[in-house]
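Step one of this worksheet: look at the structure below.
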Amino acid sequence: MKKLEYYEISPVHGKSETSDTMDEVVVVGHCLLNPLARIKGVKPATPVDAKGMNVIQLPCPEAMYFGMRRREITKDQLEHPSYRRFCRKIFTPLADLLEDLAINGTNIRIIGIPKSPSCAVEITSVGGEPGKVKEFHHSHAPGPGVFMEEIIKELERRGVKFEIEDAHQ
């Protein structure tokens, strides 16, 4: 059995003067806590060691939309109004929660998945030939994936302050 390596998120900012709860919540891409959500054959994301943190796990939009037997896909292929609408729909209840937490003084920190077409923050996968192909070719480009773009837009629309970055590989 292969031993998992964990990505350690820097310590939370501290505890509130008036309570025992930490004043930061870390919102993580789904496969950082559940590597089984990744497509078959893709290197697992480095799992997060969430011990001692307030953590919210984002849903996996690709697994929910395409299922677990999906093929590799890029941001270009996800650029469709119905997929963006789906991403907004599954994020809305979490946006409500994050907005409420932020209003009450909680720092919001979002950790994305590097190179993901949906959950990347800094670099995402692009390209990919349409139609039937024998080999899948793609490259990487700066910028967020589709789901992260929708998350950023929604939180900014609501005036929620947040930090956002990709997990380190």
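Going through the structure tokens in order, the chains are called A, B, and so on, while each chain numbers its residues from 1 and the ligands are numbered from 1 in the order shown.
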Pick out each residue of chain A that DSSP on the backbone tags as strand (DSSP E or B); I need them as a PyMOL selection string. chain A and resi 7+15+22+24-28+48+54-57+107-112+123-127+138-142+163-166
Using only N, CA, C and O atoms, please write the residues we just selected to a file, as a compact mmCIF listing (two decimals), in the first residue's frame.
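As written to disk, again.txt reads:
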```txt
# COMPACT_ATOMS: atom_id res chain seq x y z
N TYR A 7 -0.22 17.56 1.98
CA TYR A 7 0.08 18.98 1.81
C TYR A 7 -0.33 19.66 3.11
O TYR A 7 -1.49 19.59 3.50
N LYS A 15 -6.75 32.16 17.30
CA LYS A 15 -8.05 31.98 17.93
C LYS A 15 -8.63 33.32 18.31
O LYS A 15 -7.93 34.26 18.61
N MET A 22 -11.38 28.80 15.95
CA MET A 22 -10.42 29.52 15.12
C MET A 22 -11.17 30.51 14.22
O MET A 22 -12.31 30.30 13.87
N GLU A 24 -10.55 31.28 11.06
CA GLU A 24 -10.33 31.04 9.63
C GLU A 24 -10.97 29.72 9.23
O GLU A 24 -10.95 28.75 9.98
N VAL A 25 -11.53 29.71 8.03
CA VAL A 25 -12.02 28.46 7.45
C VAL A 25 -11.27 28.25 6.15
O VAL A 25 -11.06 29.19 5.39
N VAL A 26 -10.82 27.02 5.92
CA VAL A 26 -10.11 26.67 4.70
C VAL A 26 -11.09 25.89 3.82
O VAL A 26 -11.63 24.87 4.24
N VAL A 27 -11.32 26.41 2.62
CA VAL A 27 -12.23 25.79 1.65
C VAL A 27 -11.35 25.08 0.65
O VAL A 27 -10.53 25.71 -0.03
N VAL A 28 -11.48 23.74 0.56
CA VAL A 28 -10.56 22.96 -0.27
C VAL A 28 -11.26 22.27 -1.42
O VAL A 28 -12.42 21.86 -1.30
N VAL A 48 -4.70 16.94 1.74
CA VAL A 48 -4.56 17.96 2.77
C VAL A 48 -4.65 17.29 4.14
O VAL A 48 -5.51 16.45 4.37
N ASN A 54 -10.58 24.39 10.56
CA ASN A 54 -11.97 24.45 10.12
C ASN A 54 -11.93 24.28 8.61
O ASN A 54 -11.34 25.09 7.92
N VAL A 55 -12.53 23.21 8.11
CA VAL A 55 -12.44 22.88 6.69
C VAL A 55 -13.82 22.73 6.09
O VAL A 55 -14.71 22.12 6.68
N ILE A 56 -13.97 23.29 4.89
CA ILE A 56 -15.15 23.05 4.07
C ILE A 56 -14.66 22.42 2.78
O ILE A 56 -13.78 22.98 2.12
N GLN A 57 -15.19 21.26 2.44
CA GLN A 57 -14.81 20.57 1.21
C GLN A 57 -15.77 20.96 0.10
O GLN A 57 -16.98 20.79 0.22
N ASN A 107 -12.09 34.58 8.46
CA ASN A 107 -11.27 34.69 7.25
C ASN A 107 -11.53 33.47 6.38
O ASN A 107 -11.58 32.35 6.87
N ILE A 108 -11.70 33.71 5.09
CA ILE A 108 -11.98 32.64 4.13
C ILE A 108 -10.71 32.41 3.31
O ILE A 108 -10.17 33.35 2.74
N ARG A 109 -10.26 31.17 3.26
CA ARG A 109 -9.08 30.81 2.47
C ARG A 109 -9.45 29.64 1.57
O ARG A 109 -9.86 28.59 2.06
N ILE A 110 -9.30 29.80 0.26
CA ILE A 110 -9.68 28.78 -0.70
C ILE A 110 -8.43 28.15 -1.30
O ILE A 110 -7.52 28.86 -1.72
N ILE A 111 -8.39 26.82 -1.33
CA ILE A 111 -7.26 26.08 -1.88
C ILE A 111 -7.75 25.28 -3.08
O ILE A 111 -8.59 24.39 -2.95
N GLY A 112 -7.23 25.61 -4.26
CA GLY A 112 -7.63 24.94 -5.49
C GLY A 112 -6.70 23.80 -5.87
O GLY A 112 -5.72 23.51 -5.18
N ILE A 123 -3.11 27.88 -12.49
CA ILE A 123 -2.79 27.28 -13.79
C ILE A 123 -3.79 26.16 -14.08
O ILE A 123 -4.09 25.35 -13.21
N THR A 124 -4.34 26.15 -15.29
CA THR A 124 -5.38 25.19 -15.65
C THR A 124 -5.00 24.48 -16.95
O THR A 124 -4.08 24.89 -17.64
N SER A 125 -5.69 23.41 -17.27
CA SER A 125 -5.43 22.68 -18.51
C SER A 125 -6.31 23.23 -19.63
O SER A 125 -7.48 23.55 -19.42
N VAL A 126 -5.73 23.36 -20.81
CA VAL A 126 -6.45 23.90 -21.96
C VAL A 126 -6.17 23.02 -23.18
O VAL A 126 -5.29 22.18 -23.16
N GLY A 127 -6.92 23.24 -24.24
CA GLY A 127 -6.72 22.49 -25.48
C GLY A 127 -7.61 21.27 -25.51
O GLY A 127 -8.70 21.26 -24.96
N HIS A 138 -3.04 18.02 -24.48
CA HIS A 138 -3.45 19.28 -23.88
C HIS A 138 -2.20 20.00 -23.36
O HIS A 138 -1.12 19.43 -23.34
N SER A 139 -2.38 21.22 -22.95
CA SER A 139 -1.29 21.99 -22.35
C SER A 139 -1.84 22.71 -21.13
O SER A 139 -3.00 22.55 -20.78
N HIS A 140 -1.00 23.51 -20.50
CA HIS A 140 -1.42 24.25 -19.32
C HIS A 140 -1.25 25.74 -19.57
O HIS A 140 -0.34 26.15 -20.29
N ALA A 141 -2.14 26.52 -19.00
CA ALA A 141 -2.13 27.97 -19.18
C ALA A 141 -2.44 28.64 -17.85
O ALA A 141 -3.14 28.06 -17.00
N PRO A 142 -1.94 29.84 -17.66
CA PRO A 142 -2.23 30.57 -16.42
C PRO A 142 -3.73 30.82 -16.29
O PRO A 142 -4.43 30.99 -17.28
N GLU A 163 -8.94 34.80 0.50
CA GLU A 163 -7.64 34.52 -0.08
C GLU A 163 -7.83 33.27 -0.94
O GLU A 163 -8.65 32.42 -0.61
N ILE A 164 -7.05 33.15 -2.01
CA ILE A 164 -7.21 31.98 -2.88
C ILE A 164 -5.86 31.62 -3.50
O ILE A 164 -5.08 32.50 -3.87
N GLU A 165 -5.59 30.33 -3.54
CA GLU A 165 -4.34 29.82 -4.12
C GLU A 165 -4.52 28.35 -4.47
O GLU A 165 -5.44 27.70 -4.00
N ASP A 166 -3.63 27.86 -5.31
CA ASP A 166 -3.59 26.43 -5.58
C ASP A 166 -2.82 25.72 -4.49
O ASP A 166 -1.93 26.31 -3.86
```
Do you know which residues are at most 8 Å from region 36-38 of chain A counting only C-alpha atoms, after dropping those on the same chain fewer than 2 positions away, and could you put them as a PyMOL selection string? chain A and resi 30-31+34+40+42+44+60+63+68
Shell of 8 Å around Cys119 (chain A), only C-alpha atoms, local chain residues under 6 positions omitted, as a PyMOL selection string: chain A and resi 29+112-113+144-148
List the neighbours of Phe136 (chain A) out to 10 Å using only C-alpha atoms; skip same-chain residues closer than 4 positions along the sequence, and give me the result as a PDB file with C-alpha atoms, in the first residue's frame.
```
ATOM      1  CA  ARG A  71     -12.508  10.929 -19.532  1.00  0.00           C
ATOM      2  CA  GLU A  72      -9.806  13.582 -19.311  1.00  0.00           C
ATOM      3  CA  ILE A  73     -11.138  17.029 -20.208  1.00  0.00           C
ATOM      4  CA  GLY A 127      -6.717  22.490 -25.482  1.00  0.00           C
ATOM      5  CA  GLY A 128      -7.899  18.996 -26.229  1.00  0.00           C
ATOM      6  CA  GLU A 129      -9.081  17.894 -29.639  1.00  0.00           C
ATOM      7  CA  PRO A 130     -12.809  17.550 -30.246  1.00  0.00           C
ATOM      8  CA  LYS A 132     -12.727  10.812 -31.422  1.00  0.00           C
TER       9      LYS A 132
END
```
